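Input: a single structure, listed below in structure tokens.
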Amino acid sequence: KAAENLHRQVWNVEDLAFLYPYDLYHPESGLATQLVASQRDRVIGFLFGFYGKGKQWFGPDIGFQNGKWVESQLLAVDHDYRRTGLAKRLKFIQREQALRENIDLIHWTVDPLQAGNAFLNFNQLGAVSAQFYPDYYVFRNDLNRITPSRIGMSWILNSDRVRACDAGDSIDWNFASLVQDSGVEIISPPDLIPQSQCLDDPIWTPQGERILIEIPVDWNEIQRRENMDMAIAWRITSDMVFKQILAGNGGNYALVGIVRDSNYDRVYLIADKV
């Protein structure tokens, strides 16, 4: 019950119908992760996941293959305990549990326009993404006021980048160094930055060995505005980019990181050719 209340609080809803689906996992799949963090009898975070089996993307070196993994379904941290490292700690406990069962992959889905989540998933956990799922859920809530598209995160548990993150490192990117590379292409939604590459032009194709894709600094704030045109434009144009470039959808790239620009007023996802 305490975890359910935290779930409602984090997603700012009362009706369970506007939270994530009731069928959190299928009984035949089995519950793989059940972690709850508490402080003085107060639940301050939780992480739930189930077993997945079948065809999945196991990283750029392997691609799609049949196997077993952990599908990490739901992670929540109380607002008072954000930026304390609790989310990262829960994830690495989950990693330890999976490795003890000889499972090398944990997969989950996230909104690609949530910059805060991206800093955790890519730069602190070392996950990568090559799968895009448009209009993934039918429900709407405070964090999903428009079409909730998702990308699939692949946490390759024995990869060098994940091992380094588990040892206490983070993956740091320098914006100035990135943009000096002639092989880097920078793109932004055309309605916000008209002089940039027109992403809604069907003849657009990625040119760089690496692409910096701008996303909102605060996606939740954009969705809360009364005029939703800007939010819809962000979603439509970014959906087109992810569908076109990601390897799991027929493209040649994987998302590997996120970086702030030199003025700290814009953020970019980093996509590398795979």
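Following the order of the structure tokens, chains are lettered A, B, ..., residues in each are numbered from 1, and ligands are numbered from 1.
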
Checklist entry - Leaving out region 100-117 of chain A and any residue of its chain fewer than 6 positions from it, which residues lie within 8 Å of it when counting only C-alpha atoms, given as a VMD selection string? => result chain A and resid 58 68 to 73 148 to 158 215 to 220 258 267

Next on the checklist: Can you tell me which residues surround Asp61 (chain A) at a distance of at most 12 Å, considering only C-alpha atoms, apart from same-chain residues fewer than 3 positions away, and format the answer as an MDAnalysis selection string?
Outcome noted: chainID A and resid 57:58 64:65 156 159 247 254 274

Checklist entry - Where in region 68-269 of chain A does DSSP assign alpha helix (DSSP H), given as a PyMOL selection string? => result chain A and resi 86-100+115-118+160-166+175-180+219-224+229-245

Item to check | Minimum-distance residue to Gly52 (chain A), chosen among A:Thr84, A:Asn66, A:Gln34, A:Gln180 (using only C-alpha atoms) | outcome: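 Among the listed residues, the smallest separation from Gly52 (chain A) belongs to A:Asn66.
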
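Computed from the coordinates, the CA of Asn263 (chain A) to CA of Ala176 (chain A) distance equals 10.4 Å.
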
Checklist entry - Hey, what does DSSP flag as strand (DSSP E or B) within region 38-149 of chain A? Can you give it to me as a PyMOL selection string? => result chain A and resi 38-39+42-57+64-77+105-110+128-133+141+144

Next on the checklist: Excluding Leu269 (chain A) and its own-chain neighbours fewer than 3 positions away, which residues fall within 12 Å of it when counting only C-alpha atoms? Please give them as number ranges by chain.
Outcome noted: A: 112-119, 121-123, 128-129, 173, 175, 178, 185-188, 210-217, 238, 241-242, 253-261, 266, 272

Checklist entry - Arg161 (chain A): which residues within 8 Å, counting only C-alpha atoms, same-chain residues fewer than 4 positions away excluded, as a list of chain:residue names? => result A:Gly126, A:Cys165, A:Ile171

Next on the checklist: With distances taken over only C-alpha atoms, which residue among A:Gly183, A:Ala32, A:Ala233, A:Thr205 lies nearest Leu99 (chain A)?
Outcome noted: A:Ala32

Checklist entry - Using only C-alpha atoms, which of A:Val162, A:Ile270, A:Ala76, A:Ala231 sits nearest Ile44 (chain A)? => result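 Counting only C-alpha atoms, the residue closest to Ile44 (chain A) is A:Ala76.
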